[in-house]
$ cat my_file18.txt   # compact mmCIF, C-alpha atoms
# COMPACT_ATOMS: atom_id res chain seq x y z
CA MET A 1 2.52 -42.12 33.65
CA ALA A 2 5.26 -41.57 36.21
CA GLN A 3 5.43 -43.49 39.44
CA PRO A 4 4.49 -41.04 42.23
CA GLU A 5 7.31 -39.82 44.48
CA PRO A 6 7.36 -40.97 48.10
CA PRO A 7 6.79 -38.09 50.55
CA GLU A 8 9.91 -36.56 52.13
CA SER A 9 8.73 -36.83 55.71
CA VAL A 10 8.88 -40.62 55.62
CA VAL A 11 11.73 -42.03 57.64
CA HIS A 12 12.36 -44.96 55.41
CA ALA A 13 10.84 -46.22 52.18
CA PRO A 14 9.73 -49.84 52.58
CA GLY A 15 10.93 -52.66 50.34
CA LEU A 16 8.69 -55.44 49.00
CA ALA A 17 9.28 -57.70 52.02
CA GLU A 18 8.34 -54.97 54.47
CA LEU A 19 5.25 -54.02 52.47
CA PHE A 20 4.26 -57.67 52.47
CA SER A 21 4.67 -58.10 56.22
CA GLY A 22 2.84 -54.83 56.95
CA PHE A 23 -0.21 -55.64 54.86
CA LEU A 24 -0.19 -59.26 56.04
CA LYS A 25 -0.55 -57.87 59.56
CA ILE A 26 -3.36 -55.51 58.51
CA GLY A 27 -5.24 -58.44 56.97
CA LEU A 28 -4.65 -60.73 59.93
CA MET A 29 -5.74 -58.26 62.60
CA GLY A 30 -8.59 -56.58 60.79
CA PHE A 31 -11.51 -58.30 62.47
CA GLY A 32 -14.75 -56.43 61.80
CA GLY A 33 -13.21 -54.07 59.27
CA VAL A 34 -9.60 -53.29 58.42
CA GLY A 35 -9.84 -49.49 58.56
CA PRO A 36 -8.52 -48.73 62.07
CA ILE A 37 -5.73 -51.32 62.06
CA ALA A 38 -4.62 -50.17 58.59
CA ARG A 39 -4.11 -46.64 59.87
CA HIS A 40 -2.21 -47.91 62.91
CA VAL A 41 0.23 -50.02 60.88
CA ILE A 42 0.73 -47.57 57.99
CA VAL A 43 1.03 -44.32 59.97
CA THR A 44 1.99 -45.12 63.55
CA GLU A 45 3.95 -48.33 63.40
CA ARG A 46 5.74 -48.38 60.03
CA ARG A 47 5.63 -44.65 59.26
CA TRP A 48 5.15 -45.21 55.55
CA LEU A 49 2.94 -42.11 55.41
CA ASP A 50 2.27 -39.29 57.85
CA ASP A 51 -1.25 -38.51 59.04
CA ARG A 52 -1.91 -35.86 56.41
CA ASP A 53 -0.73 -37.98 53.50
CA TYR A 54 -2.72 -40.93 54.76
CA ALA A 55 -5.88 -38.86 55.09
CA ARG A 56 -5.39 -37.54 51.57
CA LEU A 57 -4.79 -41.04 50.21
CA LEU A 58 -7.86 -42.35 51.99
CA GLY A 59 -9.93 -39.49 50.57
CA VAL A 60 -8.96 -40.58 47.07
CA CYS A 61 -9.63 -44.24 47.92
CA GLN A 62 -13.12 -43.34 49.12
CA ALA A 63 -13.90 -41.55 45.87
CA LEU A 64 -12.91 -44.66 43.91
CA PRO A 65 -14.91 -47.89 43.64
CA GLY A 66 -13.80 -50.91 45.64
CA ALA A 67 -12.77 -51.59 49.23
CA ASN A 68 -10.90 -48.62 50.70
CA THR A 69 -8.13 -50.69 52.23
CA VAL A 70 -7.56 -52.64 49.01
CA ASN A 71 -7.28 -49.35 47.11
CA ALA A 72 -4.90 -48.00 49.76
CA ALA A 73 -2.80 -51.17 49.40
CA VAL A 74 -2.59 -50.66 45.63
CA MET A 75 -1.60 -47.01 45.97
CA ILE A 76 0.95 -47.42 48.75
CA GLY A 77 2.51 -50.43 47.02
CA ASP A 78 2.74 -48.50 43.76
CA ARG A 79 4.13 -45.40 45.46
CA TYR A 80 7.11 -47.26 46.91
CA ARG A 81 7.70 -50.24 44.64
CA GLY A 82 5.66 -49.75 41.47
CA ALA A 83 3.36 -52.40 40.00
CA ALA A 84 5.16 -55.21 41.85
CA GLY A 85 4.60 -53.32 45.10
CA ALA A 86 0.89 -52.85 44.38
CA LEU A 87 0.45 -56.56 43.66
CA THR A 88 2.50 -57.52 46.75
CA CYS A 89 0.39 -55.34 49.04
CA VAL A 90 -2.97 -56.63 47.75
CA VAL A 91 -1.87 -60.29 47.91
CA ALA A 92 -0.49 -59.76 51.42
CA LEU A 93 -3.68 -58.00 52.55
CA MET A 94 -5.96 -60.76 51.25
CA ALA A 95 -3.83 -63.84 52.05
CA ALA A 96 -4.65 -64.41 55.71
CA PRO A 97 -8.34 -63.40 55.52
CA LEU A 98 -8.88 -65.69 52.52
CA LEU A 99 -7.22 -68.66 54.24
CA CYS A 100 -9.35 -67.94 57.28
CA LEU A 101 -12.46 -67.73 55.10
CA VAL A 102 -11.66 -71.06 53.41
CA ALA A 103 -11.26 -72.63 56.86
CA LEU A 104 -14.59 -71.18 58.03
CA ALA A 105 -16.34 -72.18 54.80
CA THR A 106 -14.99 -75.74 55.07
CA LEU A 107 -16.18 -75.89 58.65
CA TYR A 108 -19.57 -74.56 57.54
CA ASP A 109 -19.87 -77.20 54.81
CA ALA A 110 -18.95 -79.92 57.32
CA VAL A 111 -21.63 -78.99 59.86
CA ALA A 112 -24.21 -77.34 57.58
CA ASP A 113 -26.72 -80.18 57.95
CA LYS A 114 -26.58 -80.22 61.76
CA PRO A 115 -29.58 -78.45 63.33
CA TRP A 116 -27.46 -76.69 66.02
CA ALA A 117 -25.14 -75.29 63.34
CA GLN A 118 -28.10 -73.91 61.40
CA VAL A 119 -29.45 -72.33 64.55
CA ALA A 120 -26.10 -70.83 65.57
CA LEU A 121 -25.57 -69.38 62.11
CA THR A 122 -29.09 -67.96 62.06
CA GLY A 123 -28.28 -66.17 65.32
CA ALA A 124 -24.98 -65.00 63.84
CA ALA A 125 -26.80 -63.77 60.73
CA ALA A 126 -29.22 -61.73 62.85
CA SER A 127 -26.25 -60.22 64.72
CA ALA A 128 -24.36 -59.51 61.50
CA ALA A 129 -27.40 -57.65 60.17
CA GLY A 130 -27.42 -55.52 63.32
CA LEU A 131 -23.70 -54.90 62.93
CA ILE A 132 -24.11 -53.55 59.41
CA THR A 133 -27.17 -51.47 60.33
CA GLY A 134 -25.45 -50.12 63.44
CA THR A 135 -22.29 -49.20 61.54
CA ALA A 136 -24.35 -47.41 58.90
CA ALA A 137 -26.38 -45.56 61.55
CA ARG A 138 -23.21 -44.60 63.41
CA LEU A 139 -21.55 -43.22 60.30
CA LEU A 140 -24.76 -41.40 59.30
CA THR A 141 -25.04 -39.64 62.66
CA ARG A 142 -21.41 -38.53 62.47
CA ALA A 143 -21.20 -37.54 58.81
CA GLU A 144 -22.72 -34.06 59.43
CA LEU A 145 -24.68 -34.31 56.19
CA ALA A 146 -26.37 -31.26 54.70
CA ILE A 147 -30.07 -31.53 53.81
CA TRP A 148 -29.24 -32.57 50.25
CA GLY A 149 -26.98 -35.28 51.74
CA TRP A 150 -29.80 -36.68 53.87
CA ALA A 151 -32.11 -36.58 50.85
CA LEU A 152 -29.61 -38.54 48.76
CA ALA A 153 -28.92 -41.04 51.54
CA GLY A 154 -32.68 -41.52 51.92
CA ALA A 155 -33.16 -41.94 48.19
CA ALA A 156 -30.35 -44.52 47.96
CA PHE A 157 -31.78 -46.41 50.96
CA LEU A 158 -35.32 -46.45 49.56
CA ALA A 159 -34.34 -47.33 46.00
CA VAL A 160 -32.00 -50.21 46.82
CA GLY A 161 -33.15 -51.35 50.28
CA VAL A 162 -36.93 -50.96 50.11
CA PHE A 163 -37.81 -50.99 46.40
CA ARG A 164 -34.94 -53.36 45.53
CA GLN A 165 -33.91 -51.52 42.40
CA PRO A 166 -30.63 -52.55 40.68
CA LEU A 167 -27.58 -50.79 42.12
CA LEU A 168 -26.23 -49.68 38.74
CA THR A 169 -29.44 -47.88 37.73
CA THR A 170 -29.68 -46.25 41.14
CA LEU A 171 -26.10 -44.99 40.95
CA LEU A 172 -26.53 -43.73 37.39
CA VAL A 173 -29.38 -41.55 38.64
CA LEU A 174 -28.05 -40.51 42.04
CA ILE A 175 -24.35 -39.85 41.36
CA PRO A 176 -24.90 -37.03 38.81
CA VAL A 177 -27.43 -35.41 41.19
CA ALA A 178 -24.94 -35.77 44.05
CA ILE A 179 -22.09 -34.23 42.04
CA VAL A 180 -24.25 -31.23 41.11
CA ALA A 181 -25.35 -30.80 44.73
CA ALA A 182 -21.80 -31.12 46.08
CA THR A 183 -20.48 -28.63 43.50
CA LEU A 184 -23.19 -26.09 44.36
CA ALA A 185 -22.54 -26.56 48.08
CA ALA A 186 -18.79 -26.06 47.57
CA ARG A 187 -19.40 -22.84 45.61
CA ARG A 188 -21.70 -21.37 48.19
CA ARG A 189 -18.95 -21.56 50.81
CA MET B 1 -22.22 -76.09 33.40
CA GLU B 2 -19.31 -75.40 35.73
CA ARG B 3 -17.71 -73.12 33.15
CA GLY B 4 -20.97 -71.29 32.69
CA VAL B 5 -21.24 -70.65 36.41
CA LEU B 6 -17.66 -69.37 36.62
CA GLY B 7 -18.40 -67.04 33.73
CA GLN B 8 -21.47 -65.70 35.55
CA ILE B 9 -19.36 -65.17 38.67
CA VAL B 10 -16.76 -63.19 36.71
CA VAL B 11 -19.36 -60.97 35.02
CA LEU B 12 -21.36 -60.35 38.21
CA PHE B 13 -18.51 -59.52 40.57
CA GLY B 14 -16.36 -57.86 37.91
CA THR B 15 -19.21 -55.41 37.28
CA LEU B 16 -19.92 -54.89 40.96
CA SER B 17 -16.23 -54.15 41.56
CA LEU B 18 -16.59 -51.07 39.36
CA ILE B 19 -19.69 -49.71 41.10
CA ALA B 20 -18.79 -50.47 44.73
CA VAL B 21 -18.75 -46.84 45.83
CA GLY B 22 -17.73 -46.66 49.47
CA GLY B 23 -16.56 -50.27 49.65
CA ALA B 24 -18.18 -53.67 49.74
CA ASN B 25 -20.74 -52.91 52.44
CA VAL B 26 -22.89 -51.11 49.89
CA LEU B 27 -23.08 -54.22 47.72
CA VAL B 28 -25.14 -56.49 49.98
CA PRO B 29 -28.56 -55.66 48.44
CA GLU B 30 -27.29 -56.05 44.86
CA ILE B 31 -25.40 -59.29 45.58
CA HIS B 32 -28.53 -60.58 47.35
CA ARG B 33 -30.76 -59.54 44.44
CA GLN B 34 -28.49 -61.34 41.98
CA ALA B 35 -27.46 -64.44 43.98
CA VAL B 36 -30.89 -65.20 45.47
CA GLY B 37 -33.21 -63.63 42.91
CA VAL B 38 -31.75 -63.44 39.40
CA MET B 39 -29.32 -66.38 39.50
CA GLY B 40 -31.14 -68.52 42.06
CA TRP B 41 -27.86 -69.72 43.54
CA MET B 42 -29.18 -69.93 47.12
CA ASP B 43 -32.10 -69.08 49.41
CA ASP B 44 -32.43 -66.14 51.81
CA ALA B 45 -31.22 -68.04 54.86
CA THR B 46 -28.07 -69.36 53.15
CA PHE B 47 -27.23 -65.87 51.92
CA ALA B 48 -27.62 -64.46 55.43
CA ARG B 49 -25.41 -67.23 56.87
CA LEU B 50 -22.65 -66.69 54.32
CA LEU B 51 -22.80 -62.97 55.11
CA ALA B 52 -22.46 -63.79 58.80
CA ILE B 53 -19.39 -65.96 58.12
CA VAL B 54 -17.74 -63.10 56.22
CA GLN B 55 -18.45 -60.74 59.12
CA THR B 56 -16.78 -63.24 61.45
CA ALA B 57 -13.64 -63.59 59.35
CA PRO B 58 -10.92 -60.91 59.40
CA GLY B 59 -10.32 -58.82 56.31
CA PRO B 60 -12.22 -56.60 53.89
CA ASN B 61 -15.92 -57.34 53.40
CA VAL B 62 -15.42 -57.77 49.64
CA MET B 63 -14.88 -61.38 50.68
CA LEU B 64 -18.67 -61.77 50.51
CA ALA B 65 -17.96 -62.32 46.81
CA SER B 66 -15.33 -64.95 47.66
CA ILE B 67 -17.61 -67.02 49.89
CA ILE B 68 -20.49 -66.84 47.42
CA GLY B 69 -18.06 -68.08 44.76
CA TRP B 70 -17.12 -70.89 47.13
CA HIS B 71 -20.73 -71.81 47.77
CA VAL B 72 -21.60 -71.86 44.06
CA ALA B 73 -18.49 -73.47 42.55
CA GLY B 74 -16.09 -74.54 45.30
CA LEU B 75 -12.44 -73.44 45.39
CA PRO B 76 -12.34 -72.37 41.70
CA GLY B 77 -15.42 -70.27 42.39
CA LEU B 78 -13.74 -68.63 45.38
CA VAL B 79 -10.59 -67.81 43.43
CA VAL B 80 -12.47 -66.48 40.40
CA ALA B 81 -14.92 -64.41 42.50
CA THR B 82 -12.10 -62.90 44.58
CA ILE B 83 -10.09 -61.88 41.53
CA ALA B 84 -13.21 -60.57 39.79
CA ILE B 85 -14.22 -58.33 42.71
CA LEU B 86 -10.65 -57.08 43.33
CA LEU B 87 -9.07 -56.64 39.90
CA PRO B 88 -11.21 -53.96 38.15
CA SER B 89 -11.30 -51.56 41.12
CA SER B 90 -7.60 -52.18 41.83
CA LEU B 91 -6.70 -51.33 38.25
CA ILE B 92 -8.60 -48.05 38.60
CA ALA B 93 -6.76 -47.33 41.85
CA PHE B 94 -3.47 -48.12 40.13
CA ILE B 95 -4.20 -45.78 37.24
CA CYS B 96 -5.26 -43.05 39.69
CA SER B 97 -2.11 -43.60 41.71
CA ARG B 98 -0.09 -42.94 38.57
CA GLY B 99 -2.23 -40.06 37.32
CA LEU B 100 -2.79 -38.32 40.62
CA ALA B 101 0.62 -36.65 40.83
CA ARG B 102 -0.02 -35.07 37.45
CA PHE B 103 -3.67 -34.06 37.71
CA SER B 104 -3.55 -33.46 41.44
CA ASP B 105 -6.87 -31.66 41.15
CA ARG B 106 -7.77 -32.06 44.75
CA SER B 107 -10.99 -30.04 44.57
CA ALA B 108 -12.41 -32.54 42.06
CA VAL B 109 -11.46 -35.44 44.34
CA LYS B 110 -13.00 -33.60 47.27
CA ILE B 111 -16.28 -32.91 45.47
CA MET B 112 -16.47 -36.54 44.36
CA THR B 113 -15.90 -37.73 47.93
CA VAL B 114 -18.47 -35.31 49.37
CA ALA B 115 -20.95 -36.39 46.69
CA LEU B 116 -20.47 -40.12 47.25
CA VAL B 117 -20.56 -40.20 51.07
CA PRO B 118 -24.35 -39.79 51.48
CA ILE B 119 -25.08 -42.32 48.72
CA ALA B 120 -22.66 -44.84 50.22
CA LEU B 121 -24.18 -44.41 53.69
CA GLY B 122 -27.73 -44.77 52.39
CA LEU B 123 -26.69 -47.94 50.57
CA MET B 124 -24.97 -49.29 53.67
CA LEU B 125 -28.21 -48.80 55.61
CA ALA B 126 -30.01 -50.62 52.79
CA SER B 127 -27.49 -53.44 53.20
CA GLY B 128 -28.44 -53.65 56.86
CA LEU B 129 -32.15 -53.82 55.99
CA VAL B 130 -31.67 -56.54 53.38
CA ALA B 131 -29.45 -58.55 55.75
CA THR B 132 -32.06 -58.19 58.52
CA ILE B 133 -34.87 -59.52 56.34
CA ALA B 134 -32.70 -62.28 54.81
CA ALA B 135 -31.66 -63.53 58.25
CA ALA B 136 -35.27 -64.70 58.69
CA ALA B 137 -34.74 -65.43 62.35
CA GLY B 138 -38.21 -64.53 63.63
CA LEU B 139 -39.09 -62.13 66.44
CA LEU B 140 -36.09 -63.11 68.55
CA GLY B 141 -33.89 -62.56 65.51
CA PHE B 142 -35.21 -59.03 65.11
CA ALA B 143 -34.55 -58.43 68.81
CA ILE B 144 -30.96 -59.64 68.41
CA THR B 145 -30.51 -57.49 65.30
CA ALA B 146 -31.86 -54.44 67.16
CA ALA B 147 -29.67 -55.10 70.22
CA THR B 148 -26.54 -55.57 68.09
CA MET B 149 -27.39 -52.41 66.20
CA LEU B 150 -27.71 -50.41 69.41
CA MET B 151 -24.46 -51.84 70.78
CA THR B 152 -22.64 -50.90 67.56
CA LEU B 153 -24.19 -47.45 67.57
CA ARG B 154 -23.59 -46.61 71.22
CA THR B 155 -20.40 -48.48 72.21
CA SER B 156 -17.08 -49.26 70.58
CA LEU B 157 -17.31 -52.92 71.52
CA ASN B 158 -15.39 -55.38 69.34
CA PRO B 159 -17.89 -56.55 66.70
CA LEU B 160 -16.91 -60.18 67.32
CA VAL B 161 -18.15 -59.88 70.92
CA SER B 162 -21.62 -58.70 69.91
CA MET B 163 -21.80 -61.38 67.20
CA LEU B 164 -20.85 -64.07 69.69
CA ALA B 165 -23.43 -62.75 72.17
CA GLY B 166 -26.20 -62.76 69.55
CA THR B 167 -25.29 -66.27 68.43
CA LEU B 168 -25.24 -67.64 71.98
CA VAL B 169 -28.57 -66.02 72.90
CA TYR B 170 -30.24 -67.51 69.82
CA LEU B 171 -28.65 -70.92 70.44
CA ALA B 172 -29.75 -70.85 74.08
CA ALA B 173 -33.30 -69.92 73.09
CA TRP B 174 -33.32 -72.86 70.68
CA LEU B 175 -32.03 -75.29 73.32
CA LEU B 176 -34.80 -74.09 75.68
CA GLY B 177 -37.35 -74.64 72.94
CA PHE B 178 -38.32 -71.02 72.26
CA VAL B 179 -37.43 -70.99 68.53
$ encode --input "my_file18.txt" --output "structure tokens"
Amino acid sequence: MAQPEPPESVVHAPGLAELFSGFLKIGLMGFGGVGPIARHVIVTERRWLDDRDYARLLGVCQALPGANTVNAAVMIGDRYRGAAGALTCVVALMAAPLLCLVALATLYDAVADKPWAQVALTGAAASAAGLITGTAARLLTRAELAIWGWALAGAAFLAVGVFRQPLLTTLLVLIPVAIVAATLAARRR
Amino acid sequence: MERGVLGQIVVLFGTLSLIAVGGANVLVPEIHRQAVGVMGWMDDATFARLLAIVQTAPGPNVMLASIIGWHVAGLPGLVVATIAILLPSSLIAFICSRGLARFSDRSAVKIMTVALVPIALGLMLASGLVATIAAAAGLLGFAITAATMLMTLRTSLNPLVSMLAGTLVYLAAWLLGFV
């Protein structure tokens, strides 16, 4: 397996230190999702990839399991600095958020038995639920799904959300159906 | 006991890492089913609060695994859960990064992406539903969830702002004796 070649349009191939600082920044600034800030740092600011390459990379990341930005970190790190680059990018991406999470979790443990803390976190939990639902609804309205897409989205929602079926079973049923539907739709075009 | 729990954490999140199509936001119902139901690690309210903390922190939402690890087994739990949720999917990404130049069959990648998008979105909506029910914040809670949802859907407001607003409204209602 050969290490993939960096694209020619890139001004300058980053070293380990630059990869580290770039993904550290993405992790630090990615409040409420790292997607938009990742694009800004990778394409606009550091010019590691151009828009087209980034879109292609992200497409692959979306087809793979796992968090998109983590997958992008692995692939960009590997593209420029091999396995060490991939590891550097993932560690850099997760470092600041994890420290922040430990701080928040410690704070939570310290105040967890105070009534006001329980109340505040219950309010936060209700908001967080709205955030996830709103993000899903927003993406659904913009995805321009075909009828088979809506049917699959509905089936996934009902199976896992309403009937609380295990995720693995649901995916084992739905993914083959989705691949057949997507293949047929691609052929018809 | 401790070792047994760490083993359970590795198996649970290591498996979920491999089936997290479309990222961690699709995993909420399954993590809830396992952590609250199957394993009995916590109750509904605690799960919803940990989820809220993750939404407040910067970084990828896979950190829901990290904070559950923390809650169940402290710092070792956090470390083990984080590695378990990151490593398997990262190894797949690494292998694909190496293989992609050779196979470069972009139509297969495209079909896979097109196929997975609706499933991932349906699962994300399911995550929202499960989080809404787990929050167990009563009628006012549902109102806050609905308002946050509408704000997210209609505006591009920073998510931290709407979370802060929801938290303050609920806290104020409690101080005034409504909840």
$ residues_around --input "my_file18.txt" --residues "Ala117 in chain A" --least-positions-apart "5" --cutoff "12 Å" --atoms "all atoms listed in the file" --output "list in words"
Leu107, Tyr108, Asp109, Ala110, Val111, Ala112, Thr122, Gly123, Ala124 and Ala125 of chain A; Arg49, Thr167, Leu168, Tyr170, Leu171 and Trp174 of chain B
$ closest_residue --input "my_file18.txt" --among "A:Ile147, A:Leu172, A:Leu19, A:Ala129" --to "chain B" --atoms "all atoms listed in the file"
A:Ala129
$ atom_distance --input "my_file18.txt" --atom1 "CA of Pro118 in chain B" --atom2 "CA of Ala153 in chain A"
4.7 Å
$ closest_atom_pairs --input "my_file18.txt" --of "range 75-155 of chain A" --to "range 25-42 of chain B" --cutoff "10 Å" --atoms "all atoms listed in the file" --output "JSON lines"
{"residue": "A:Ile132", "atom": "CA", "partner": "B:Asn25", "partner_atom": "CA", "distance": 7.8}
{"residue": "A:Thr135", "atom": "CA", "partner": "B:Asn25", "partner_atom": "CA", "distance": 9.9}
{"residue": "A:Ala136", "atom": "CA", "partner": "B:Asn25", "partner_atom": "CA", "distance": 9.2}
$ write_last_selection --input "my_file18.txt" --atoms "C-alpha atoms" --output "compact mmCIF listing (two decimals), keeping the file's coordinate frame"
# COMPACT_ATOMS: atom_id res chain seq x y z
CA ILE A 132 -24.11 -53.55 59.41
CA THR A 135 -22.29 -49.20 61.54
CA ALA A 136 -24.35 -47.41 58.90
$ closest_residue --input "my_file18.txt" --among "B:Val117, B:Ile85, B:Ala65, B:Ala52" --to "chain A" --atoms "all atoms listed in the file"
B:Ala52
$ residues_around --input "my_file18.txt" --residues "Val91 in chain A" --least-positions-apart "5" --cutoff "9 Å" --atoms "all atoms listed in the file" --output "number ranges by chain"
A: 20, 23-24, 86
$ atom_distance --input "my_file18.txt" --atom1 "CA of Leu123 in chain B" --atom2 "CA of Ile83 in chain B"
23.5 Å
$ closest_residue --input "my_file18.txt" --among "B:Gly166, B:Gly74, B:Gly7, B:Gly138" --to "chain A" --atoms "all atoms listed in the file"
B:Gly166
$ residues_around --input "my_file18.txt" --residues "Gly4 in chain B" --least-positions-apart "5" --cutoff "12 Å" --atoms "all atoms listed in the file" --output "mmCIF file with C-alpha atoms, keeping the file's coordinate frame"
data_model
loop_
_atom_site.group_PDB
_atom_site.id
_atom_site.type_symbol
_atom_site.label_atom_id
_atom_site.label_comp_id
_atom_site.auth_asym_id
_atom_site.auth_seq_id
_atom_site.Cartn_x
_atom_site.Cartn_y
_atom_site.Cartn_z
ATOM 1 C CA ILE B 9 -19.360 -65.170 38.670
ATOM 2 C CA VAL B 10 -16.760 -63.190 36.710
ATOM 3 C CA VAL B 11 -19.360 -60.970 35.020
ATOM 4 C CA MET B 39 -29.320 -66.380 39.500
ATOM 5 C CA VAL B 72 -21.600 -71.860 44.060
ATOM 6 C CA ALA B 73 -18.490 -73.470 42.550
ATOM 7 C CA GLY B 77 -15.420 -70.270 42.390
#
$ residues_around --input "my_file18.txt" --residues "Ile53 in chain B" --least-positions-apart "4" --cutoff "8 Å" --atoms "all atoms listed in the file" --output "PyMOL selection string"
(chain A and resi 101+104-105) or (chain B and resi 49+57)
$ residues_around --input "my_file18.txt" --residues "Ala165 in chain B" --least-positions-apart "4" --cutoff "9 Å" --atoms "all atoms listed in the file" --output "number ranges by chain"
A: 124, 127; B: 144, 148, 160-161, 169-170
$ atom_distance --input "my_file18.txt" --atom1 "CA of Ala95 in chain A" --atom2 "CA of Leu28 in chain A"
8.5 Å
$ closest_residue --input "my_file18.txt" --among "A:Ala146, A:Thr141, A:Leu121, A:Phe163" --to "Leu164 in chain B" --atoms "only C-alpha atoms"
A:Leu121
$ closest_residue --input "my_file18.txt" --among "B:Leu139, B:Leu176, B:Leu91, B:Ala48" --to "chain A" --atoms "only C-alpha atoms"
B:Ala48
$ closest_residue --input "my_file18.txt" --among "B:Ala126, B:Val54, B:Leu87, B:Asp43" --to "chain A" --atoms "all atoms listed in the file"
B:Ala126
$ closest_atom_pairs --input "my_file18.txt" --of "range 106-150 of chain A" --to "range 151-158 of chain B" --cutoff "9 Å" --atoms "only C-alpha atoms" --output "JSON lines"
{"residue": "A:Gly130", "atom": "CA", "partner": "B:Thr152", "partner_atom": "CA", "distance": 7.9}
{"residue": "A:Leu131", "atom": "CA", "partner": "B:Thr152", "partner_atom": "CA", "distance": 6.2}
{"residue": "A:Ile132", "atom": "CA", "partner": "B:Thr152", "partner_atom": "CA", "distance": 8.7}
{"residue": "A:Thr133", "atom": "CA", "partner": "B:Thr152", "partner_atom": "CA", "distance": 8.6}
{"residue": "A:Gly134", "atom": "CA", "partner": "B:Thr152", "partner_atom": "CA", "distance": 5.0}
{"residue": "A:Thr135", "atom": "CA", "partner": "B:Thr152", "partner_atom": "CA", "distance": 6.3}
{"residue": "A:Ala136", "atom": "CA", "partner": "B:Leu153", "partner_atom": "CA", "distance": 8.7}
{"residue": "A:Ala137", "atom": "CA", "partner": "B:Leu153", "partner_atom": "CA", "distance": 6.7}
{"residue": "A:Arg138", "atom": "CA", "partner": "B:Leu153", "partner_atom": "CA", "distance": 5.1}
{"residue": "A:Leu139", "atom": "CA", "partner": "B:Leu153", "partner_atom": "CA", "distance": 8.8}
$ closest_atom_pairs --input "my_file18.txt" --of "range 86-159 of chain A" --to "range 70-82 of chain A" --cutoff "9 Å" --atoms "all atoms listed in the file" --output "JSON lines"
{"residue": "A:Ala86", "atom": "CA", "partner": "A:Gly77", "partner_atom": "CA", "distance": 3.9}
{"residue": "A:Leu87", "atom": "CA", "partner": "A:Val74", "partner_atom": "CA", "distance": 6.9}
{"residue": "A:Thr88", "atom": "CA", "partner": "A:Gly77", "partner_atom": "CA", "distance": 7.1}
{"residue": "A:Cys89", "atom": "CA", "partner": "A:Ala73", "partner_atom": "CA", "distance": 5.3}
{"residue": "A:Val90", "atom": "CA", "partner": "A:Ala73", "partner_atom": "CA", "distance": 5.7}
{"residue": "A:Leu93", "atom": "CA", "partner": "A:Val70", "partner_atom": "CA", "distance": 7.5}
{"residue": "A:Met94", "atom": "CA", "partner": "A:Val70", "partner_atom": "CA", "distance": 8.6}
$ decode --input "my_file18.txt" --residues "range 54-76 of chain B" --atoms "C-alpha atoms" --output "compact mmCIF listing (two decimals), in the first residue's frame"
# COMPACT_ATOMS: atom_id res chain seq x y z
CA VAL B 54 -20.65 16.84 25.50
CA GLN B 55 -22.71 19.26 23.41
CA THR B 56 -21.29 22.12 25.47
CA ALA B 57 -17.67 21.05 25.04
CA PRO B 58 -15.79 21.74 21.79
CA GLY B 59 -14.79 18.84 19.58
CA PRO B 60 -16.35 15.85 17.84
CA ASN B 61 -19.46 14.34 19.43
CA VAL B 62 -17.77 10.92 19.69
CA MET B 63 -16.74 12.29 23.07
CA LEU B 64 -20.11 11.04 24.35
CA ALA B 65 -18.23 7.74 24.67
CA SER B 66 -15.44 9.49 26.61
CA ILE B 67 -17.73 11.07 29.19
CA ILE B 68 -19.70 7.85 29.67
CA GLY B 69 -16.38 6.10 30.26
CA TRP B 70 -15.57 8.80 32.79
CA HIS B 71 -18.88 8.41 34.56
CA VAL B 72 -18.57 4.62 34.76
CA ALA B 73 -14.87 4.18 35.56
CA GLY B 74 -13.22 7.57 36.07
CA LEU B 75 -10.12 8.66 34.14
CA PRO B 76 -9.17 5.10 33.03
